[in-house]
>>> print(open('model05.cif').read())   # mmCIF, C-alpha atoms
data_start
loop_
_atom_site.group_PDB
_atom_site.id
_atom_site.type_symbol
_atom_site.label_atom_id
_atom_site.label_comp_id
_atom_site.auth_asym_id
_atom_site.auth_seq_id
_atom_site.Cartn_x
_atom_site.Cartn_y
_atom_site.Cartn_z
ATOM 1 C CA MET Y 1 -17.084 -6.972 6.642
ATOM 2 C CA ALA Y 2 -15.551 -8.909 9.548
ATOM 3 C CA PRO Y 3 -13.423 -7.081 12.122
ATOM 4 C CA LYS Y 4 -9.803 -6.396 11.181
ATOM 5 C CA ALA Y 5 -7.050 -8.934 11.724
ATOM 6 C CA ILE Y 6 -5.415 -8.913 15.143
ATOM 7 C CA ILE Y 7 -2.233 -10.940 15.506
ATOM 8 C CA ALA Y 8 -1.507 -12.016 19.077
ATOM 9 C CA PRO Y 9 1.691 -14.055 19.443
ATOM 10 C CA SER Y 10 1.626 -16.366 22.441
ATOM 11 C CA ILE Y 11 4.477 -15.572 24.800
ATOM 12 C CA LEU Y 12 4.399 -19.181 25.997
ATOM 13 C CA SER Y 13 6.812 -19.773 23.103
ATOM 14 C CA ALA Y 14 9.096 -16.851 23.965
ATOM 15 C CA ASP Y 15 12.495 -17.172 25.624
ATOM 16 C CA PHE Y 16 11.646 -16.937 29.325
ATOM 17 C CA ALA Y 17 15.237 -16.009 30.140
ATOM 18 C CA GLN Y 18 14.695 -12.731 28.270
ATOM 19 C CA LEU Y 19 10.933 -12.437 28.304
ATOM 20 C CA GLY Y 20 10.670 -8.654 28.405
ATOM 21 C CA ALA Y 21 13.053 -8.223 25.467
ATOM 22 C CA ASP Y 22 11.265 -10.941 23.480
ATOM 23 C CA CYS Y 23 7.914 -9.212 24.015
ATOM 24 C CA VAL Y 24 9.289 -5.864 22.852
ATOM 25 C CA ARG Y 25 10.884 -7.478 19.803
ATOM 26 C CA THR Y 26 7.640 -9.219 18.844
ATOM 27 C CA MET Y 27 5.696 -5.973 19.054
ATOM 28 C CA ASP Y 28 8.355 -4.281 16.884
ATOM 29 C CA GLN Y 29 7.960 -7.115 14.357
ATOM 30 C CA GLY Y 30 4.303 -6.204 13.824
ATOM 31 C CA ALA Y 31 2.273 -7.941 16.529
ATOM 32 C CA ASP Y 32 -0.933 -6.207 17.655
ATOM 33 C CA TRP Y 33 -1.475 -7.927 20.997
ATOM 34 C CA LEU Y 34 0.427 -10.300 23.228
ATOM 35 C CA HIS Y 35 -1.380 -13.496 24.182
ATOM 36 C CA VAL Y 36 -0.522 -14.349 27.780
ATOM 37 C CA ASP Y 37 -1.255 -17.958 28.761
ATOM 38 C CA ILE Y 38 -1.982 -18.348 32.464
ATOM 39 C CA MET Y 39 -2.203 -21.972 33.668
ATOM 40 C CA ASP Y 40 -2.737 -23.074 37.256
ATOM 41 C CA GLY Y 41 -2.076 -26.824 37.208
ATOM 42 C CA HIS Y 42 -5.747 -27.475 38.110
ATOM 43 C CA PHE Y 43 -7.938 -26.463 35.184
ATOM 44 C CA VAL Y 44 -5.143 -27.682 32.916
ATOM 45 C CA PRO Y 45 -2.254 -29.974 33.914
ATOM 46 C CA ASN Y 46 0.474 -27.446 33.125
ATOM 47 C CA ILE Y 47 1.691 -24.423 35.158
ATOM 48 C CA THR Y 48 3.043 -21.258 33.541
ATOM 49 C CA PHE Y 49 3.305 -18.004 35.512
ATOM 50 C CA GLY Y 50 1.198 -15.528 37.436
ATOM 51 C CA ALA Y 51 0.464 -11.859 37.915
ATOM 52 C CA PRO Y 52 3.987 -10.812 39.051
ATOM 53 C CA VAL Y 53 5.482 -11.942 35.720
ATOM 54 C CA VAL Y 54 2.723 -10.144 33.798
ATOM 55 C CA ALA Y 55 3.511 -6.965 35.765
ATOM 56 C CA LYS Y 56 7.192 -7.242 34.841
ATOM 57 C CA ILE Y 57 6.569 -7.627 31.098
ATOM 58 C CA ARG Y 58 3.948 -4.866 31.227
ATOM 59 C CA SER Y 59 6.752 -2.490 32.146
ATOM 60 C CA HIS Y 60 8.421 -3.308 28.807
ATOM 61 C CA VAL Y 61 5.361 -2.949 26.556
ATOM 62 C CA ASP Y 62 3.365 0.284 26.256
ATOM 63 C CA ARG Y 63 -0.275 0.132 27.324
ATOM 64 C CA PRO Y 64 -2.840 0.354 24.503
ATOM 65 C CA GLU Y 65 -4.154 3.849 23.866
ATOM 66 C CA ALA Y 66 -7.678 2.541 23.219
ATOM 67 C CA SER Y 67 -9.703 -0.651 23.738
ATOM 68 C CA TYR Y 68 -8.389 -3.469 21.540
ATOM 69 C CA GLY Y 69 -5.380 -1.295 20.668
ATOM 70 C CA ARG Y 70 -1.772 -2.143 20.001
ATOM 71 C CA GLY Y 71 -0.098 -3.540 23.106
ATOM 72 C CA THR Y 72 -3.213 -5.215 24.509
ATOM 73 C CA PHE Y 73 -2.359 -7.980 26.969
ATOM 74 C CA ASP Y 74 -4.805 -10.741 26.073
ATOM 75 C CA CYS Y 75 -4.695 -12.888 29.205
ATOM 76 C CA HIS Y 76 -6.005 -16.398 28.557
ATOM 77 C CA MET Y 77 -6.953 -17.624 32.009
ATOM 78 C CA MET Y 78 -6.717 -21.416 32.014
ATOM 79 C CA ILE Y 79 -7.492 -21.483 35.724
ATOM 80 C CA ALA Y 80 -10.089 -23.221 37.879
ATOM 81 C CA GLU Y 81 -11.327 -20.148 39.783
ATOM 82 C CA PRO Y 82 -11.246 -17.184 37.388
ATOM 83 C CA LYS Y 83 -13.177 -14.644 39.459
ATOM 84 C CA LYS Y 84 -10.562 -14.725 42.225
ATOM 85 C CA TRP Y 85 -7.863 -13.323 39.953
ATOM 86 C CA VAL Y 86 -9.556 -10.490 38.024
ATOM 87 C CA LYS Y 87 -8.329 -7.690 40.290
ATOM 88 C CA GLU Y 88 -4.805 -9.102 40.579
ATOM 89 C CA PHE Y 89 -4.378 -9.317 36.818
ATOM 90 C CA LYS Y 90 -5.871 -5.886 36.256
ATOM 91 C CA LYS Y 91 -3.280 -4.530 38.680
ATOM 92 C CA ALA Y 92 -0.553 -6.434 36.810
ATOM 93 C CA GLY Y 93 -1.466 -4.869 33.448
ATOM 94 C CA CYS Y 94 -3.992 -7.190 31.840
ATOM 95 C CA ASP Y 95 -6.314 -5.491 29.331
ATOM 96 C CA LEU Y 96 -8.515 -8.390 28.183
ATOM 97 C CA TYR Y 97 -9.391 -11.090 30.712
ATOM 98 C CA CYS Y 98 -10.444 -14.249 28.872
ATOM 99 C CA PHE Y 99 -11.814 -16.994 31.115
ATOM 100 C CA HIS Y 100 -12.990 -20.476 30.194
ATOM 101 C CA TYR Y 101 -16.720 -21.136 30.078
ATOM 102 C CA GLU Y 102 -16.033 -24.512 31.662
ATOM 103 C CA ALA Y 103 -14.390 -22.885 34.712
ATOM 104 C CA ALA Y 104 -16.969 -20.143 35.206
ATOM 105 C CA PHE Y 105 -19.297 -22.147 37.461
ATOM 106 C CA SER Y 106 -16.952 -21.784 40.401
ATOM 107 C CA THR Y 107 -16.375 -19.719 43.527
ATOM 108 C CA ALA Y 108 -17.567 -16.114 43.566
ATOM 109 C CA ALA Y 109 -14.668 -15.109 45.827
ATOM 110 C CA GLU Y 110 -13.076 -11.867 44.615
ATOM 111 C CA SER Y 111 -9.490 -12.400 45.758
ATOM 112 C CA PRO Y 112 -7.099 -15.353 46.034
ATOM 113 C CA GLU Y 113 -7.335 -15.450 49.825
ATOM 114 C CA ALA Y 114 -11.120 -14.946 50.095
ATOM 115 C CA LYS Y 115 -13.537 -17.773 50.938
ATOM 116 C CA THR Y 116 -17.239 -17.994 50.116
ATOM 117 C CA ASP Y 117 -19.874 -20.625 49.389
ATOM 118 C CA ALA Y 118 -21.391 -18.370 46.707
ATOM 119 C CA ARG Y 119 -20.882 -19.374 43.079
ATOM 120 C CA THR Y 120 -20.435 -17.314 39.954
ATOM 121 C CA ASN Y 121 -21.519 -18.028 36.374
ATOM 122 C CA PRO Y 122 -20.450 -16.770 32.931
ATOM 123 C CA LYS Y 123 -22.899 -13.854 32.797
ATOM 124 C CA ASP Y 124 -22.029 -12.571 36.265
ATOM 125 C CA LEU Y 125 -18.320 -13.034 35.628
ATOM 126 C CA ILE Y 126 -18.453 -11.002 32.408
ATOM 127 C CA ARG Y 127 -20.213 -8.196 34.286
ATOM 128 C CA TYR Y 128 -17.627 -8.353 37.061
ATOM 129 C CA ILE Y 129 -14.741 -8.144 34.578
ATOM 130 C CA HIS Y 130 -16.346 -5.137 32.882
ATOM 131 C CA ASP Y 131 -17.023 -3.490 36.251
ATOM 132 C CA ASN Y 132 -13.275 -3.762 36.906
ATOM 133 C CA GLY Y 133 -12.481 -1.868 33.722
ATOM 134 C CA LEU Y 134 -11.302 -4.785 31.592
ATOM 135 C CA LEU Y 135 -12.462 -6.293 28.322
ATOM 136 C CA ALA Y 136 -14.034 -9.727 28.803
ATOM 137 C CA GLY Y 137 -13.341 -12.760 26.680
ATOM 138 C CA ILE Y 138 -14.816 -16.253 26.962
ATOM 139 C CA ALA Y 139 -13.040 -19.389 25.771
ATOM 140 C CA LEU Y 140 -14.340 -22.825 24.790
ATOM 141 C CA LYS Y 141 -12.464 -26.109 24.986
ATOM 142 C CA PRO Y 142 -12.895 -28.467 22.020
ATOM 143 C CA ALA Y 143 -15.463 -30.636 23.835
ATOM 144 C CA THR Y 144 -17.783 -27.676 24.540
ATOM 145 C CA GLY Y 145 -20.472 -26.843 21.991
ATOM 146 C CA VAL Y 146 -20.698 -23.297 20.689
ATOM 147 C CA GLU Y 147 -24.430 -23.134 21.441
ATOM 148 C CA VAL Y 148 -23.656 -22.471 25.127
ATOM 149 C CA LEU Y 149 -22.685 -18.926 24.108
ATOM 150 C CA THR Y 150 -25.973 -17.931 22.450
ATOM 151 C CA GLU Y 151 -27.611 -16.513 25.572
ATOM 152 C CA LEU Y 152 -24.479 -14.527 26.442
ATOM 153 C CA LEU Y 153 -23.908 -13.119 22.957
ATOM 154 C CA GLU Y 154 -27.548 -12.089 22.597
ATOM 155 C CA ASN Y 155 -27.825 -10.527 26.040
ATOM 156 C CA PRO Y 156 -29.267 -7.004 25.565
ATOM 157 C CA ASP Y 157 -27.059 -5.683 28.375
ATOM 158 C CA PRO Y 158 -23.553 -4.960 26.987
ATOM 159 C CA LYS Y 159 -22.130 -5.292 30.517
ATOM 160 C CA GLU Y 160 -23.020 -8.994 30.386
ATOM 161 C CA ARG Y 161 -21.910 -9.678 26.799
ATOM 162 C CA PRO Y 162 -18.381 -10.900 26.003
ATOM 163 C CA ASP Y 163 -16.121 -8.670 23.920
ATOM 164 C CA MET Y 164 -14.400 -11.666 22.336
ATOM 165 C CA VAL Y 165 -14.886 -15.397 21.947
ATOM 166 C CA LEU Y 166 -11.885 -17.743 21.901
ATOM 167 C CA ILE Y 167 -12.301 -21.082 20.136
ATOM 168 C CA MET Y 168 -9.538 -23.485 21.129
ATOM 169 C CA THR Y 169 -8.125 -25.417 18.176
ATOM 170 C CA VAL Y 170 -6.095 -27.655 20.499
ATOM 171 C CA GLU Y 171 -6.714 -28.986 23.995
ATOM 172 C CA PRO Y 172 -5.600 -26.198 26.341
ATOM 173 C CA GLY Y 173 -2.547 -26.728 28.497
ATOM 174 C CA PHE Y 174 0.508 -27.058 26.269
ATOM 175 C CA GLY Y 175 2.026 -25.209 23.320
ATOM 176 C CA GLY Y 176 3.135 -26.762 20.052
ATOM 177 C CA GLN Y 177 0.127 -29.068 19.534
ATOM 178 C CA LYS Y 178 -1.397 -30.092 16.202
ATOM 179 C CA PHE Y 179 -4.152 -27.853 14.816
ATOM 180 C CA MET Y 180 -7.692 -29.277 15.170
ATOM 181 C CA ALA Y 181 -9.608 -28.262 12.028
ATOM 182 C CA SER Y 182 -12.632 -30.008 13.563
ATOM 183 C CA GLU Y 183 -13.205 -26.874 15.686
ATOM 184 C CA LEU Y 184 -13.589 -24.481 12.745
ATOM 185 C CA PRO Y 185 -17.349 -25.058 12.257
ATOM 186 C CA LYS Y 186 -17.765 -23.293 15.620
ATOM 187 C CA VAL Y 187 -15.921 -20.273 14.219
ATOM 188 C CA GLN Y 188 -18.003 -20.342 11.041
ATOM 189 C CA ALA Y 189 -21.274 -20.537 12.976
ATOM 190 C CA LEU Y 190 -20.281 -17.581 15.150
ATOM 191 C CA ARG Y 191 -19.133 -15.467 12.214
ATOM 192 C CA GLU Y 192 -22.359 -16.081 10.275
ATOM 193 C CA LYS Y 193 -24.484 -15.112 13.262
ATOM 194 C CA TYR Y 194 -22.329 -12.314 14.722
ATOM 195 C CA PRO Y 195 -20.490 -10.547 11.874
ATOM 196 C CA ASP Y 196 -18.916 -7.891 14.118
ATOM 197 C CA LEU Y 197 -17.673 -10.220 16.855
ATOM 198 C CA ASN Y 198 -13.971 -10.595 17.605
ATOM 199 C CA ILE Y 199 -13.369 -14.345 17.207
ATOM 200 C CA GLU Y 200 -10.021 -15.671 18.350
ATOM 201 C CA VAL Y 201 -8.458 -19.036 17.522
ATOM 202 C CA ASP Y 202 -5.625 -20.536 19.527
ATOM 203 C CA GLY Y 203 -3.652 -23.699 18.896
ATOM 204 C CA GLY Y 204 -1.556 -24.943 16.011
ATOM 205 C CA LEU Y 205 -1.886 -21.727 13.985
ATOM 206 C CA GLY Y 206 0.812 -20.860 11.479
ATOM 207 C CA PRO Y 207 1.434 -20.429 7.752
ATOM 208 C CA GLY Y 208 0.129 -23.946 7.016
ATOM 209 C CA THR Y 209 -3.190 -23.567 8.862
ATOM 210 C CA ILE Y 210 -4.031 -19.858 8.800
ATOM 211 C CA ASP Y 211 -6.052 -20.008 5.577
ATOM 212 C CA GLN Y 212 -8.448 -22.539 7.070
ATOM 213 C CA ALA Y 213 -8.993 -20.390 10.159
ATOM 214 C CA ALA Y 214 -9.398 -17.223 8.088
ATOM 215 C CA ASP Y 215 -11.867 -18.931 5.741
ATOM 216 C CA ALA Y 216 -13.976 -19.893 8.762
ATOM 217 C CA GLY Y 217 -14.067 -16.267 9.919
ATOM 218 C CA ALA Y 218 -11.494 -15.960 12.694
ATOM 219 C CA ASN Y 219 -9.924 -12.519 12.979
ATOM 220 C CA VAL Y 220 -7.851 -12.724 16.190
ATOM 221 C CA ILE Y 221 -4.979 -15.108 15.577
ATOM 222 C CA VAL Y 222 -2.849 -16.610 18.326
ATOM 223 C CA ALA Y 223 0.424 -18.133 17.145
ATOM 224 C CA GLY Y 224 3.235 -19.207 19.415
ATOM 225 C CA SER Y 225 6.011 -21.350 17.987
ATOM 226 C CA ALA Y 226 5.058 -20.288 14.429
ATOM 227 C CA VAL Y 227 6.105 -16.734 15.328
ATOM 228 C CA PHE Y 228 8.745 -17.099 18.037
ATOM 229 C CA GLY Y 229 10.377 -20.062 16.303
ATOM 230 C CA ALA Y 230 10.436 -18.486 12.836
ATOM 231 C CA LYS Y 231 13.586 -17.353 11.054
ATOM 232 C CA ASP Y 232 11.693 -14.181 10.132
ATOM 233 C CA PRO Y 233 8.890 -13.572 12.670
ATOM 234 C CA ALA Y 234 7.882 -10.296 10.992
ATOM 235 C CA GLU Y 235 7.240 -12.150 7.745
ATOM 236 C CA VAL Y 236 5.054 -14.726 9.528
ATOM 237 C CA ILE Y 237 3.043 -12.021 11.323
ATOM 238 C CA SER Y 238 2.499 -10.252 7.995
ATOM 239 C CA LEU Y 239 1.414 -13.493 6.324
ATOM 240 C CA LEU Y 240 -1.121 -14.232 9.090
ATOM 241 C CA ARG Y 241 -2.553 -10.711 8.843
ATOM 242 C CA THR Y 242 -2.799 -10.779 5.050
ATOM 243 C CA SER Y 243 -4.640 -14.112 5.076
ATOM 244 C CA VAL Y 244 -7.291 -12.791 7.476
ATOM 245 C CA ASP Y 245 -7.709 -9.389 5.834
ATOM 246 C CA LYS Y 246 -8.025 -10.878 2.333
ATOM 247 C CA ARG Y 247 -10.872 -13.096 3.419
ATOM 248 C CA SER Y 248 -12.660 -10.334 5.294
ATOM 249 C CA GLY Y 249 -12.590 -8.112 2.198
ATOM 250 C CA ARG Y 250 -10.118 -5.627 3.646
ATOM 251 C CA LEU Y 251 -7.531 -6.377 0.944
#
>>> encode(input="model05.cif", output="structure tokens")
Amino acid sequence: MAPKAIIAPSILSADFAQLGADCVRTMDQGADWLHVDIMDGHFVPNITFGAPVVAKIRSHVDRPEASYGRGTFDCHMMIAEPKKWVKEFKKAGCDLYCFHYEAAFSTAAESPEAKTDARTNPKDLIRYIHDNGLLAGIALKPATGVEVLTELLENPDPKERPDMVLIMTVEPGFGGQKFMASELPKVQALREKYPDLNIEVDGGLGPGTIDQAADAGANVIVAGSAVFGAKDPAEVISLLRTSVDKRSGRL
């Protein structure tokens, strides 16, 4: 049986003029996590917000009582130098720090102001995130093959294994894009090989595409405009959850 459904609305689609209230409302409507999109204008062409905004919304949403629990801040770090920001985002209230594989071969500096010629890599970055008391996620852009994760997922040392894999079903950088079903074979391959893995999909998810993602084996569902733009967000969250749990045999 695959892991349970986790619904993580993307706050990129929330009303930024009342972001704290929108986050609270979404949790009250049945969300499990909040997906927090961090973009730096370098790794992706868009810019969103940084650690100070995360700290402000953290004050509105209760911290999870256990790993993967309700209220988890799933921070999707679409940034060029992910190691530099681990400590800052932990301080701000991040619970799961999800970096991009493609950005992980970058500076090993441990703070925004630090300089070093040393380089990090995905394995070392996962260990560093765990050493800082956070869950570690790793994300793949559509052009990146899923086989790059094999060595990480089969690492015998849990400190160097990711807690979640994020398969992008759009090009990262902007909300509201069209769902790329072409990325679902990656999800299917991961689910067949790693039945207990938390597999997240992000991009174009909603009532019209959730069944495809659930059939492939995704259990962590990111939905932005489909939730925040819905007439009845609670109904959409329930629909997403039911689709996943039916296919995993939980319903």
>>> resolve_selection(input="model05.cif", expression="the PyMOL selection byres ((chain Y and resi 115-120) around 10)", output="VMD selection string")
chain Y and resid 81 to 84 103 to 114 121 to 125 128
>>> resolve_selection(input="model05.cif", expression="the PyMOL selection byres ((chain Y and resi 226) around 8)", output="list in words")
Leu205, Gly206, Pro207, Ala223, Gly224, Ser225, Val227, Phe228, Gly229, Ala230, Pro233 and Val236 of chain Y
>>> atom_distance(input="model05.cif", atom1="CA of Ala31 (chain Y)", atom2="CA of Arg70 (chain Y)")
7.9 Å
>>> atom_distance(input="model05.cif", atom1="CA of Ile167 (chain Y)", atom2="CA of Val146 (chain Y)")
8.7 Å
>>> resolve_selection(input="model05.cif", expression="the PyMOL selection byres ((chain Y and resi 44-53) around 9)", output="VMD selection string")
chain Y and resid 12 37 to 43 54 to 58 78 to 80 85 88 to 94 172 to 174
>>> atom_distance(input="model05.cif", atom1="CA of Ile11 (chain Y)", atom2="CA of Gly204 (chain Y)")
14.2 Å
>>> closest_residue(input="model05.cif", among="Y:Met180, Y:Ala234, Y:Val244, Y:Val170", to="Val220 (chain Y)", atoms="only C-alpha atoms")
Y:Val244
>>> closest_residue(input="model05.cif", among="Y:Lys87, Y:Lys159, Y:Lys141, Y:Lys186", to="Glu171 (chain Y)", atoms="only C-alpha atoms")
Y:Lys141
>>> closest_residue(input="model05.cif", among="Y:Gly145, Y:Val187, Y:Gly69, Y:Ile221", to="Arg241 (chain Y)", atoms="all atoms listed in the file")
Y:Ile221
>>> residues_around(input="model05.cif", residues="Glu147 (chain Y)", least_positions_apart="5", cutoff="12 Å", atoms="all atoms listed in the file", output="JSON, numbers by chain")
{"Y": [101, 140, 152, 153, 154, 185, 186, 187, 189, 190, 193]}
>>> residues_around(input="model05.cif", residues="Gly30 (chain Y)", least_positions_apart="2", cutoff="12 Å", atoms="only C-alpha atoms", output="ChimeraX atom specification")
/Y:5-9,23-28,32-34,70-71,227,232-241
>>> closest_residue(input="model05.cif", among="Y:His35, Y:Lys178, Y:Arg250, Y:Arg127", to="Asp163 (chain Y)", atoms="all atoms listed in the file")
Y:Arg127
>>> axis_aligned_box(input="model05.cif", around="region 133-152 of chain Y", padding_each_side="5 Å", output="lines of an AutoDock Vina configuration file")
center_x = -19.5
center_y = -16.3
center_z = 27.2
size_x = 26.3
size_y = 38.8
size_z = 23.0
>>> closest_residue(input="model05.cif", among="Y:Ser13, Y:Thr169, Y:Ser59, Y:Asn219", to="Asp196 (chain Y)", atoms="all atoms listed in the file")
Y:Asn219
